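Participant: Let me give you the structure first, and then I'll get to my questions.
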Amino acid sequence: MVYEASIFDNLTQFFMFTGFANVTLGHIVMILIGLVFIYLAITKDWEPMLLIPIGFGILIGNIPLFPGLNVGVYEQGSVLNIFYQGVSQGWYPPLIFLGIGAMTDFSALISNPKLMLIGAAAQFGIFGAYTLALALGFSPAEAGAIGIIGGADGPTAIFLSGRLAPDMMGAIAVSAYSYMALVPVIQPPIMRLLTTEKERVIKMKPPRAVSPTEKRLFPIVGFLLTAFIVPSGIPLLGMLFFGNLIKESGVTKRLATTASGPLIDVMSILIGITVGASTQADKFLQWSSVKIFILGAFSFVIATLTGVLFVKFFNLFLKEGNKINPLIGNAGVSAVPDAARVSNNVGLEYDKRNYLLMHAMGPNVAGVIGSAVAAGILLAFLA
Amino acid sequence: MKKFYTLILLLGVVCASNLYAQNMSDMRLNEVLVTNTEGFEDDYGYRSGWIELFNTSYGTVDIAGCYLSTDPNNLTMYMIPKGDVLTKVQPRQHILFWADGIANRGTFHLGFTLDGAKEVIFTAADGRTVIDRVEFPALEPNKSYGRKMDGEGSAAEVGVFYTSYRNSLKDAEAKADKSTKFGWINMDNPTPSTNNATLVGESKSAMMAKNDPYGIFMTVTAMGVTFLVLAILYIVFKQVGKFHIKKKSENATKAVAGIAQSGKADTSGQVSAETYAAISMAIHLFMQDNETHDFEDTVLTINKVSRTYSPWSSKIYTLRETPQLKK
């Protein structure tokens, strides 16, 4: 009888350690959200490289825990907490930028540098959301972190929100990646609404061949110019341009291969899983998260809108034959290369021979630089 | 070649010494108290005058090997001992030296006192380069002479590594109140090992909320800067592109001229077969819509190849030989 009682006590005690004893409605909701992410990634192919790690991270972060086991992402010294340092201290995003730099071909931008201005115009999405977030009662630091969703750049959003509003980072990152996955849904209606039939079929001059010297100069000059003006953006801009230099230099192929392959993959896995795990129910399921999602959608809309309208405005000053197809204005938001693909696909709907992909890549990569610059400015003003 | 390597080596040495010096030059004398009868006590429970240093940088600075002195003719009166981890001063932090004249009490006990002293000099590890120096007026007991704000104000009178900084401060000093040394004040309430002035500052975010509640100025400023950055890049690379195109056309002209001069040009009026092939290919691609795409559909089809017989799948080769009893 004594043994039976002891076993029963042990089992009862063990049960108290299990997730079943500690589960709340919040945990279940978050687990469902994680499952939806995984479902969308697998069946709809929406940003699977990001949504699968984030979705599974949500599952990891929302297993109900008995406090004190030192396994949770917010418990000092736990394995997940050590992984999470890369997010909270902001060193995953610059390493991802290194990989992005090593993968990006800036030729389209170098051959037609005026497209850079579209990348600047689309950053209105960030500041449109910033002003609206202020109006909704967020502090300037929080508003800045939310606004950066409009940059459509996950690593930048994580980098900035980790500094300005760490408590909101999970919601901001999930929102940014979700809307990036939804770029093909959000942008086309706005593009059609703001352009005429005639504008949509504008044929742009084919980009000229860019010499290797120009390609090598771009990351060096680009970094020096941008970093001198916005030193607070050095972690992102420095890594982006450095990554591009190792690609274009032609003598560091191994480094470029590592940065654009294994390194960025490792970082994507770590950032995805830890950001997902940081969205614990008690931190994520709040009204502020709902507001963040609404503001995120708003920022994407504003960014697309200003990008397209800026091209139309810019065309007023360009000679016939040099005009830009406004359908590439949406690509000013980063979301590389999805936004450029959207430009191309919408363009092909109206002219089957008008391939806009290469042209759209110009503002698209300019958007990456623009959003990193904008993040640097917000950091300087608000951190 | 030898000269080149020597030059590189020299450059390396100069850079390394500068790097070292820049670390040291971040240190400032911050506060001095000459007579201490009722203030802060040392670890032994004794009161004595003290000198406070402040690390103005955002990195740790090791001051081991540096010197403190009250005599401009003897800059090496007290060498800060090496090998003590406590000589590594954390970013934006203070370090206090007791001027009790008993150096064997530990790293932070100087071998001299401040009695009768008129100045304190902090010298780099080379024993010659003065990093900071302050002359102080006659001080009442338990009153100190310190910087209004930690690390800010007059720099060293002598110092080889940051002349421009010192000059800029001198300009400011010239405009400042002459009765006191710029940035330094008599302090009725000494603040050993702590901030000379307590900042009750608001965060940047709170200040922004007060100054720009609607975010208008932030938006205009940030968008202006973003446009500026990308506009400069645009202008620079437009010029680079123009230069490149010009150079390319010049090279092409030179090449044509070279061919014409050497008489190798095709003057017969016949076009080469390669040119015809290129034109034909271009027309072919243009005429056939399906061929003018610029990306592949990336669908890879793998057909199953059925082989009725293969040694790999043969049962004969996978079975062991039937054991036979040898007679």
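Residues in the structure tokens are numbered from 1 in each chain, the chains being A, B, ... in the order shown, and ligands are numbered from 1 in the order shown.
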Using only C-alpha atoms, find the residues of chain B whose closest atom to chain A is at most 7 Å away, then write them as number ranges by chain.

Facilitator: B: 204-205, 208-209, 214-215, 219, 222, 226-227, 229-231, 233-234, 237-238

Participant: Can you pull out every residue within 7 Å of Met27 (chain B), counting only C-alpha atoms, but drop anything in the same chain fewer than 3 positions away, and send it as JSON, numbers by chain?

Facilitator: {"B": [24, 53, 54, 55, 56]}

Participant: Let me see the file: selected residues, C-alpha atoms, as a PDB file, in the first residue's frame.

Facilitator:
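Contents of again_3.pdb, freshly written:
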ATOM      1  CA  MET B  24      44.527  56.071 -23.008  1.00  0.00           C
ATOM      2  CA  LEU B  53      39.638  59.592 -13.242  1.00  0.00           C
ATOM      3  CA  PHE B  54      36.815  59.080 -15.706  1.00  0.00           C
ATOM      4  CA  ASN B  55      36.672  56.891 -18.813  1.00  0.00           C
ATOM      5  CA  THR B  56      34.904  59.017 -21.418  1.00  0.00           C
TER       6      THR B  56
END

Participant: Skipping near chain neighbours, those fewer than 5 positions away, what residues fall within 9 Å of Pro190 (chain B) using only C-alpha atoms, listed as an MDAnalysis selection string?

Facilitator: chainID B and resid 31:33 39 142:146 196

Participant: Grab the residues selected above and save them as a short mmCIF file (atom, residue, chain, number, x, y, z; two decimals), in the first residue's frame with C-alpha atoms.

Facilitator:
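The file below, out.cif, is the result:
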data_model
loop_
_atom_site.label_atom_id
_atom_site.label_comp_id
_atom_site.auth_asym_id
_atom_site.auth_seq_id
_atom_site.Cartn_x
_atom_site.Cartn_y
_atom_site.Cartn_z
CA GLU B 31 37.71 65.43 -9.68
CA VAL B 32 40.33 66.24 -7.07
CA LEU B 33 40.03 66.58 -3.30
CA GLY B 39 34.44 62.55 3.89
CA ASN B 142 36.39 68.45 2.27
CA LYS B 143 35.65 70.46 -0.85
CA SER B 144 36.70 69.24 -4.24
CA TYR B 145 37.47 70.65 -7.66
CA GLY B 146 35.79 68.76 -10.46
CA ASN B 196 29.70 64.79 -10.68
#

Participant: Counting only C-alpha atoms, what is within 8 Å of region 329-334 of chain A, bar same-chain residues fewer than 6 positions away, as a PyMOL selection string?

Facilitator: chain A and resi 118-123+150-153+187+191+300+303-311+340+342-343+360-361+363-368+371

Participant: Can you spit out the residues from that selection as an mmCIF file, in the first residue's frame, using C-alpha atoms?

Facilitator:
data_model
loop_
_atom_site.group_PDB
_atom_site.id
_atom_site.type_symbol
_atom_site.label_atom_id
_atom_site.label_comp_id
_atom_site.auth_asym_id
_atom_site.auth_seq_id
_atom_site.Cartn_x
_atom_site.Cartn_y
_atom_site.Cartn_z
ATOM 1 C CA ILE A 118 11.772 54.853 -55.877
ATOM 2 C CA GLY A 119 13.379 52.847 -53.076
ATOM 3 C CA ALA A 120 13.460 56.032 -51.031
ATOM 4 C CA ALA A 121 9.861 57.006 -51.814
ATOM 5 C CA ALA A 122 8.476 53.669 -50.677
ATOM 6 C CA GLN A 123 9.877 54.257 -47.199
ATOM 7 C CA GLY A 150 6.540 49.062 -43.765
ATOM 8 C CA GLY A 151 10.153 48.516 -44.777
ATOM 9 C CA ALA A 152 9.053 44.973 -45.672
ATOM 10 C CA ASP A 153 12.334 43.651 -44.434
ATOM 11 C CA GLN A 187 0.006 45.068 -53.871
ATOM 12 C CA MET A 191 -1.110 49.112 -58.441
ATOM 13 C CA PHE A 300 2.454 48.034 -46.663
ATOM 14 C CA ALA A 303 4.567 51.971 -49.085
ATOM 15 C CA THR A 304 3.052 50.526 -52.277
ATOM 16 C CA LEU A 305 0.947 53.605 -52.848
ATOM 17 C CA THR A 306 3.799 56.084 -52.434
ATOM 18 C CA GLY A 307 6.120 53.981 -54.567
ATOM 19 C CA VAL A 308 3.685 53.914 -57.501
ATOM 20 C CA LEU A 309 2.651 57.560 -57.127
ATOM 21 C CA PHE A 310 6.284 58.650 -56.949
ATOM 22 C CA VAL A 311 7.016 56.980 -60.295
ATOM 23 C CA ALA A 340 9.674 42.664 -58.126
ATOM 24 C CA VAL A 342 4.569 41.189 -58.531
ATOM 25 C CA SER A 343 5.599 44.089 -60.812
ATOM 26 C CA ALA A 360 11.776 46.186 -60.822
ATOM 27 C CA MET A 361 14.829 44.637 -59.200
ATOM 28 C CA PRO A 363 13.900 49.770 -56.798
ATOM 29 C CA ASN A 364 13.594 46.467 -54.989
ATOM 30 C CA VAL A 365 17.233 46.382 -53.894
ATOM 31 C CA ALA A 366 17.186 50.163 -53.416
ATOM 32 C CA GLY A 367 14.353 49.491 -50.971
ATOM 33 C CA VAL A 368 16.675 47.257 -48.942
ATOM 34 C CA SER A 371 14.832 50.568 -45.215
#

Participant: Can you work out which one of B:Thr107, B:Ser25, B:Gln239, B:Thr191 has the shortest atom-to-atom distance to Ala125 (chain B), counting only C-alpha atoms?

Facilitator: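 Selected residue with least distance to Ala125 (chain B): B:Ser25.
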
Participant: Just want the 10 Å neighbourhood of region 28-41 of chain A, counted on only C-alpha atoms, with same-chain residues fewer than 5 positions away dropped. Output as a short mmCIF file (atom, residue, chain, number, x, y, z; two decimals) with C-alpha atoms, in the first residue's frame.

Facilitator:
data_model
loop_
_atom_site.label_atom_id
_atom_site.label_comp_id
_atom_site.auth_asym_id
_atom_site.auth_seq_id
_atom_site.Cartn_x
_atom_site.Cartn_y
_atom_site.Cartn_z
CA VAL A 23 -2.11 24.71 -20.35
CA TRP A 46 3.95 31.33 -48.60
CA GLU A 47 7.50 32.19 -47.53
CA PRO A 48 8.15 28.61 -46.35
CA MET A 49 11.76 29.33 -45.41
CA LEU A 50 10.47 31.73 -42.79
CA LEU A 51 7.01 30.58 -41.87
CA ILE A 52 8.03 27.01 -41.10
CA PRO A 53 10.76 27.99 -38.61
CA ILE A 54 8.55 30.72 -37.12
CA GLY A 55 5.51 28.44 -37.00
CA PHE A 56 7.43 25.67 -35.30
CA GLY A 57 9.07 28.24 -33.04
CA ILE A 58 5.59 29.31 -31.94
CA LEU A 59 4.89 25.69 -31.01
CA ILE A 60 8.16 25.52 -29.04
CA GLY A 61 7.51 28.78 -27.26
CA ASN A 62 3.97 27.92 -26.29
CA ILE A 63 4.33 24.52 -24.73
CA PRO A 64 3.01 25.21 -21.22
CA VAL A 174 5.44 37.87 -37.32
CA SER A 178 3.23 37.63 -42.80
CA ALA A 181 4.29 36.63 -47.74
CA GLY A 276 8.62 32.18 -33.10
CA ALA A 277 9.52 30.95 -29.63
CA THR A 279 5.77 34.84 -29.13
CA GLN A 280 4.59 33.37 -25.87
CA ALA A 281 0.88 33.66 -25.29
CA ASP A 282 1.13 36.09 -22.37
CA PHE A 284 1.67 37.99 -27.82
CA LEU A 285 -2.05 37.77 -27.19
#

Participant: Figure out the distance between CA of Val336 (chain A) and CA of Gly101 (chain A), please, to one decimal in Å.

Facilitator: 11.5 Å

Participant: Would you kindly return, as a list in words, each protein, DNA or RNA residue with an atom no farther than 10 Å from any atom of Met239 (chain A), considering only C-alpha atoms and excluding same-chain residues fewer than 6 positions away?

Facilitator: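 The residues that qualify are Pro93, Pro94, Leu95, Ile96, Phe97, Leu98, Gly99, Ile100, Gly101, Ala102, Phe223 and Leu245 of chain A.
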
Participant: Keeping only N, CA, C and O atoms, take the residues you just selected and write them out as an mmCIF file, in the first residue's frame.

Facilitator:
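Dumped everything to part-v7.cif:
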data_model
loop_
_atom_site.group_PDB
_atom_site.id
_atom_site.type_symbol
_atom_site.label_atom_id
_atom_site.label_comp_id
_atom_site.auth_asym_id
_atom_site.auth_seq_id
_atom_site.Cartn_x
_atom_site.Cartn_y
_atom_site.Cartn_z
ATOM 1 N N PRO A 93 20.307 39.679 -37.410
ATOM 2 C CA PRO A 93 19.926 40.449 -38.605
ATOM 3 C C PRO A 93 21.118 40.931 -39.441
ATOM 4 O O PRO A 93 21.101 40.753 -40.663
ATOM 5 N N PRO A 94 22.191 41.482 -38.840
ATOM 6 C CA PRO A 94 23.307 41.879 -39.710
ATOM 7 C C PRO A 94 23.938 40.702 -40.446
ATOM 8 O O PRO A 94 24.368 40.849 -41.589
ATOM 9 N N LEU A 95 23.954 39.520 -39.812
ATOM 10 C CA LEU A 95 24.527 38.356 -40.507
ATOM 11 C C LEU A 95 23.633 37.918 -41.664
ATOM 12 O O LEU A 95 24.115 37.451 -42.692
ATOM 13 N N ILE A 96 22.328 38.075 -41.478
ATOM 14 C CA ILE A 96 21.415 37.784 -42.593
ATOM 15 C C ILE A 96 21.645 38.803 -43.709
ATOM 16 O O ILE A 96 21.655 38.462 -44.896
ATOM 17 N N PHE A 97 21.868 40.046 -43.321
ATOM 18 C CA PHE A 97 22.149 41.075 -44.321
ATOM 19 C C PHE A 97 23.438 40.755 -45.091
ATOM 20 O O PHE A 97 23.558 41.081 -46.258
ATOM 21 N N LEU A 98 24.391 40.158 -44.404
ATOM 22 C CA LEU A 98 25.631 39.750 -45.077
ATOM 23 C C LEU A 98 25.296 38.774 -46.209
ATOM 24 O O LEU A 98 25.783 38.907 -47.334
ATOM 25 N N GLY A 99 24.450 37.814 -45.876
ATOM 26 C CA GLY A 99 24.036 36.833 -46.884
ATOM 27 C C GLY A 99 23.238 37.475 -48.008
ATOM 28 O O GLY A 99 23.425 37.153 -49.180
ATOM 29 N N ILE A 100 22.347 38.406 -47.629
ATOM 30 C CA ILE A 100 21.529 39.088 -48.654
ATOM 31 C C ILE A 100 22.453 39.850 -49.606
ATOM 32 O O ILE A 100 22.288 39.814 -50.819
ATOM 33 N N GLY A 101 23.442 40.523 -49.022
ATOM 34 C CA GLY A 101 24.400 41.264 -49.849
ATOM 35 C C GLY A 101 25.136 40.351 -50.805
ATOM 36 O O GLY A 101 25.352 40.686 -51.975
ATOM 37 N N ALA A 102 25.495 39.158 -50.297
ATOM 38 C CA ALA A 102 26.240 38.205 -51.130
ATOM 39 C C ALA A 102 25.361 37.567 -52.202
ATOM 40 O O ALA A 102 25.870 36.968 -53.146
ATOM 41 N N PHE A 223 28.577 52.026 -49.360
ATOM 42 C CA PHE A 223 28.732 51.954 -47.901
ATOM 43 C C PHE A 223 29.276 53.262 -47.333
ATOM 44 O O PHE A 223 28.748 53.786 -46.350
ATOM 45 N N LEU A 245 30.307 43.030 -51.705
ATOM 46 C CA LEU A 245 31.695 43.160 -52.178
ATOM 47 C C LEU A 245 32.359 41.789 -52.316
ATOM 48 O O LEU A 245 33.060 41.535 -53.299
#

Participant: Find the residues around region 61-67 of chain B up to 8 Å (only C-alpha atoms counted), leave out those fewer than 5 positions away in its own chain, and share them as a PyMOL selection string.

Facilitator: chain B and resi 23-24+26-27+55+75-84+87-91+122-127

Participant: Save out the residues we just selected, C-alpha atoms, as a short mmCIF file (atom, residue, chain, number, x, y, z; two decimals), in the first residue's frame.

Facilitator:
data_model
loop_
_atom_site.label_atom_id
_atom_site.label_comp_id
_atom_site.auth_asym_id
_atom_site.auth_seq_id
_atom_site.Cartn_x
_atom_site.Cartn_y
_atom_site.Cartn_z
CA ASN B 23 42.52 54.22 -25.61
CA MET B 24 44.53 56.07 -23.01
CA ASP B 26 39.87 58.62 -23.45
CA MET B 27 40.73 58.94 -19.76
CA ASN B 55 36.67 56.89 -18.81
CA LEU B 75 55.71 62.95 -14.55
CA THR B 76 56.41 59.43 -13.28
CA MET B 77 55.85 59.96 -9.55
CA TYR B 78 53.46 57.02 -9.31
CA MET B 79 53.08 54.25 -11.83
CA ILE B 80 49.73 52.49 -11.79
CA PRO B 81 50.71 48.85 -11.23
CA LYS B 82 50.33 46.30 -13.98
CA GLY B 83 48.64 42.96 -13.50
CA ASP B 84 45.63 44.19 -11.52
CA THR B 87 42.90 48.94 -13.54
CA LYS B 88 40.57 48.15 -16.45
CA VAL B 89 38.11 51.01 -16.29
CA GLN B 90 34.67 50.16 -17.59
CA PRO B 91 32.98 52.39 -20.19
CA PHE B 122 47.93 61.99 -15.78
CA THR B 123 50.56 60.60 -18.13
CA ALA B 124 50.52 57.73 -20.62
CA ALA B 125 52.56 54.57 -20.13
CA ASP B 126 55.48 56.02 -22.09
CA GLY B 127 56.03 58.42 -19.17
#

Participant: So the first atom is CA of Asp338 (chain A) and the second is CA of Gly296 (chain A); what is the distance between them in Å, to one decimal place?

Facilitator: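 CA of Asp338 (chain A) sits 17.3 Å away from CA of Gly296 (chain A).
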
Participant: Using only C-alpha atoms, which of the listed residues (A:Ile202, A:Ile292, A:Leu11, A:Leu237) sits closest to Tyr350 (chain A)?

Facilitator: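 Using only C-alpha atoms, Tyr350 (chain A) sits closest to A:Ile202.
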
Participant: I need the residue nearest Ile271 (chain A) from this list: A:Thr18, A:Thr104, A:Ser88, A:Thr43. Use only C-alpha atoms for the distance.

Facilitator: A:Ser88

Participant: Can you tell me how far CA of Phe97 (chain B) sits from CA of Phe40 (chain B), in Å to one decimal?

Facilitator: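 Distance between the two atoms: 12.0 Å.
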
Participant: Enumerate as a ChimeraX atom specification all residues of region 270-373 of chain A assigned to alpha helix (DSSP H) by DSSP on the backbone, naming them with the chain letters and numbers the document uses.

Facilitator: /A:270-277,281-284,287-315,338-350,357-373
